[in-house]
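A.B. asks: One file is attached below, data_6.txt, containing compact mmCIF, C-alpha atoms.
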# COMPACT_ATOMS: atom_id res chain seq x y z
CA MET A 11 12.49 112.50 -10.72
CA GLY A 12 12.51 115.91 -12.32
CA THR A 13 14.72 118.85 -12.99
CA ALA A 14 13.76 122.48 -12.54
CA ILE A 15 15.69 124.83 -14.77
CA PRO A 16 16.09 128.47 -13.76
CA ALA A 17 14.69 131.03 -16.14
CA LEU A 18 16.56 134.24 -16.74
CA GLY A 19 15.86 136.41 -13.75
CA SER A 20 14.21 133.68 -11.68
CA ASN A 21 14.43 133.61 -7.90
CA GLY A 22 16.46 130.44 -8.08
CA ALA A 23 15.73 126.84 -8.90
CA THR A 24 16.64 123.46 -7.52
CA SER A 25 17.44 120.27 -9.37
CA ARG A 26 16.13 117.28 -7.41
CA LEU A 27 18.14 114.97 -9.66
CA PHE A 28 21.59 116.40 -8.98
CA GLY A 29 21.01 118.35 -5.75
CA THR A 30 22.12 121.64 -7.27
CA ALA A 31 20.75 125.13 -6.85
CA ALA A 32 21.24 128.08 -9.15
CA GLY A 33 20.80 131.52 -7.69
CA ALA A 34 18.91 134.34 -9.26
CA ASP A 35 20.81 136.02 -12.02
CA TYR A 36 19.35 139.31 -13.10
CA TRP A 37 21.52 141.30 -15.42
CA PHE A 38 20.84 144.44 -17.27
CA SER A 39 22.95 145.22 -20.25
CA ALA A 40 22.30 148.44 -22.08
CA HIS A 41 22.69 147.89 -25.81
CA THR A 42 23.08 150.88 -28.08
CA LEU A 43 22.95 151.16 -31.86
CA ALA A 44 24.14 153.97 -34.09
CA GLY A 45 23.99 153.85 -37.85
CA PHE A 46 22.11 154.73 -40.98
CA ALA A 47 19.61 153.19 -43.40
CA LEU A 48 18.16 154.05 -46.76
CA ALA A 49 14.94 155.94 -46.02
CA GLY A 50 11.57 154.20 -45.70
CA GLY A 51 10.96 151.48 -48.25
CA GLY A 52 14.35 151.91 -49.89
CA THR A 53 15.38 153.55 -53.14
CA ASN A 54 13.39 152.74 -56.28
CA PHE A 55 14.74 152.66 -59.83
CA SER A 56 12.83 152.00 -63.02
CA VAL A 57 14.34 149.31 -65.24
CA ALA A 58 13.41 147.81 -68.63
CA ASN A 59 9.87 146.53 -69.31
CA GLY A 60 8.29 148.73 -66.63
CA ALA A 61 9.88 146.81 -63.76
CA ILE A 62 10.83 148.56 -60.54
CA ARG A 63 14.07 147.76 -58.71
CA THR A 64 14.20 148.57 -54.99
CA LEU A 65 17.46 148.75 -53.05
CA ARG A 66 17.63 148.81 -49.26
CA GLY A 67 20.60 149.00 -46.95
CA ARG A 68 21.57 149.42 -43.33
CA ALA A 69 24.86 149.77 -41.51
CA ALA A 70 25.13 150.16 -37.75
CA TRP A 71 27.55 149.99 -34.87
CA ALA A 72 26.29 148.13 -31.79
CA HIS A 73 27.80 148.59 -28.34
CA ASP A 74 27.00 146.32 -25.38
CA PHE A 75 27.95 147.85 -22.04
CA ASN A 76 28.03 144.50 -20.17
CA PRO A 77 28.88 141.56 -22.46
CA ASP A 78 29.68 139.06 -19.66
CA ARG A 79 27.34 136.12 -19.00
CA ALA A 80 27.82 134.16 -15.77
CA ILE A 81 25.64 132.40 -13.16
CA ALA A 82 26.59 130.99 -9.74
CA ALA A 83 25.50 127.46 -8.77
CA THR A 84 25.88 125.33 -5.63
CA PHE A 85 25.63 121.63 -4.84
CA GLN A 86 23.10 121.65 -1.98
CA THR A 87 24.15 118.22 -0.72
CA LEU A 88 27.82 119.27 -0.60
CA PRO A 89 28.10 122.56 1.31
CA GLY A 90 30.76 124.93 0.10
CA ALA A 91 30.93 123.40 -3.36
CA SER A 92 29.91 126.48 -5.32
CA PHE A 93 30.99 127.19 -8.84
CA VAL A 94 30.38 129.70 -11.60
CA ILE A 95 29.10 128.83 -15.04
CA ASN A 96 30.31 131.24 -17.69
CA GLY A 97 28.27 131.65 -20.84
CA ALA A 98 29.60 132.80 -24.15
CA ALA A 99 30.51 136.46 -23.78
CA GLN A 100 29.37 138.83 -26.47
CA ALA A 101 31.67 141.37 -28.02
CA ARG A 102 31.44 144.92 -26.70
CA ASP A 103 31.37 146.34 -30.22
CA ALA A 104 29.92 144.89 -33.42
CA ALA A 105 29.14 146.06 -36.93
CA LEU A 106 25.68 145.21 -38.27
CA THR A 107 24.90 145.24 -42.00
CA THR A 108 21.92 144.57 -44.21
CA ALA A 109 21.67 144.84 -47.97
CA SER A 110 18.71 143.84 -50.11
CA ALA A 111 17.50 144.18 -53.67
CA GLU A 112 14.10 143.45 -55.18
CA VAL A 113 12.71 143.63 -58.71
CA LYS A 114 8.93 143.83 -59.28
CA TRP A 115 7.35 143.37 -62.70
CA ARG A 116 3.92 144.61 -63.77
CA ASN A 117 2.63 141.05 -64.22
CA GLY A 118 2.82 140.50 -60.40
CA LEU A 119 6.10 138.60 -60.26
CA ALA A 120 8.76 139.82 -57.81
CA VAL A 121 12.24 138.48 -57.05
CA GLY A 122 14.40 139.62 -54.15
CA ALA A 123 17.49 138.81 -52.12
CA THR A 124 18.72 139.92 -48.70
CA PHE A 125 22.09 139.65 -46.97
CA GLU A 126 22.59 140.34 -43.25
CA GLY A 127 25.79 140.22 -41.26
CA GLU A 128 27.15 140.84 -37.78
CA PHE A 129 30.89 141.27 -37.40
CA SER A 130 32.86 141.62 -34.17
CA SER A 131 36.03 140.41 -32.50
CA VAL A 132 34.29 137.18 -31.37
CA THR A 133 31.54 136.66 -33.94
CA ARG A 134 31.09 136.44 -37.66
CA SER A 135 27.48 135.89 -38.59
CA TYR A 136 26.25 135.81 -42.18
CA SER A 137 22.75 135.12 -43.39
CA GLY A 138 20.90 135.50 -46.62
CA LYS A 139 17.56 134.73 -48.16
CA GLY A 140 15.95 134.80 -51.53
CA VAL A 141 12.30 135.47 -52.30
CA VAL A 142 10.17 134.74 -55.34
CA ARG A 143 6.65 136.16 -55.07
CA TYR A 144 3.67 136.23 -57.41
CA VAL A 145 0.65 138.45 -56.72
CA TRP A 146 -2.53 138.22 -58.78
Can you turn what I pasted into structure tokens?
C.D. replies:
Amino acid sequence: MGTAIPALGSNGATSRLFGTAAGADYWFSAHTLAGFALAGGGTNFSVANGAIRTLRGRAAWAHDFNPDRAIAATFQTLPGASFVINGAAQARDAALTTASAEVKWRNGLAVGATFEGEFSSVTRSYSGKGVVRYVW
């Protein structure tokens, strides 16, 4: 017994276990971004004790022209029993943000933090990370 799972854009696949077939599902969805970012490596500021603080930021608007996700499937052993599987649809428009700050000291120690977010009518995604680095 085995199950073949269709890959995105495959020619179709058959499940020997359940007698189902999923047709090819090629979709093209143009995704555009428009926004701004602080130039290059960010903006540097000198702080006490010869340390350097770097600030970086990004804000963008993302537009997906085809946010729908669906695939048609059929039970091969039961003719006419076709159905559609709908995936989670993405939002057409979303706001993307990134903000980070880093402080580097002359002794090789650096500390930084980053926040990233995606905000739309169907999603709220937040992530963050912290970094402590020592270079000798």
A.B. asks: Need the shell around stretch 120-126 of chain A: protein/DNA/RNA residues with any atom at most 6 Å away, counting all atoms listed in the file. Skip same-chain ones fewer than 6 positions apart. Format as number ranges by chain?
C.D. replies: A: 107-114, 136-143
A.B. asks: Nearest residue to A:Phe75 out of A:Arg63, A:Gly45, A:Tyr144, A:Arg102, using only C-alpha atoms?
C.D. replies: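 Smallest separation from A:Phe75 among the options: A:Arg102.
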A.B. asks: Just checking: using all atoms listed in the file, which residue out of A:Ala47, A:Val145, A:Ala91, A:Ala99 ends up closest to A:Ala69?
C.D. replies: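 Using all atoms listed in the file, A:Ala69 sits closest to A:Ala47.
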A.B. asks: To one decimal place in Å, what is the distance between atom CA of A:Ser131 and atom CA of A:Arg68?
C.D. replies: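 Value for the atom CA of A:Ser131-atom CA of A:Arg68 distance: 20.2 Å.
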A.B. asks: Which residue gives the smallest distance to A:Ala44 among A:Leu106, A:Ser92, A:Asn117, A:Ile81, with all atoms listed in the file counted?
C.D. replies: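 Nearest candidate to A:Ala44 out of A:Leu106, A:Ser92, A:Asn117, A:Ile81: A:Leu106.
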A.B. asks: Between A:Phe85, A:Ser135, A:Val57, A:Ile62, single out the one closest to A:Ala104, counting all atoms listed in the file.
C.D. replies: A:Ser135
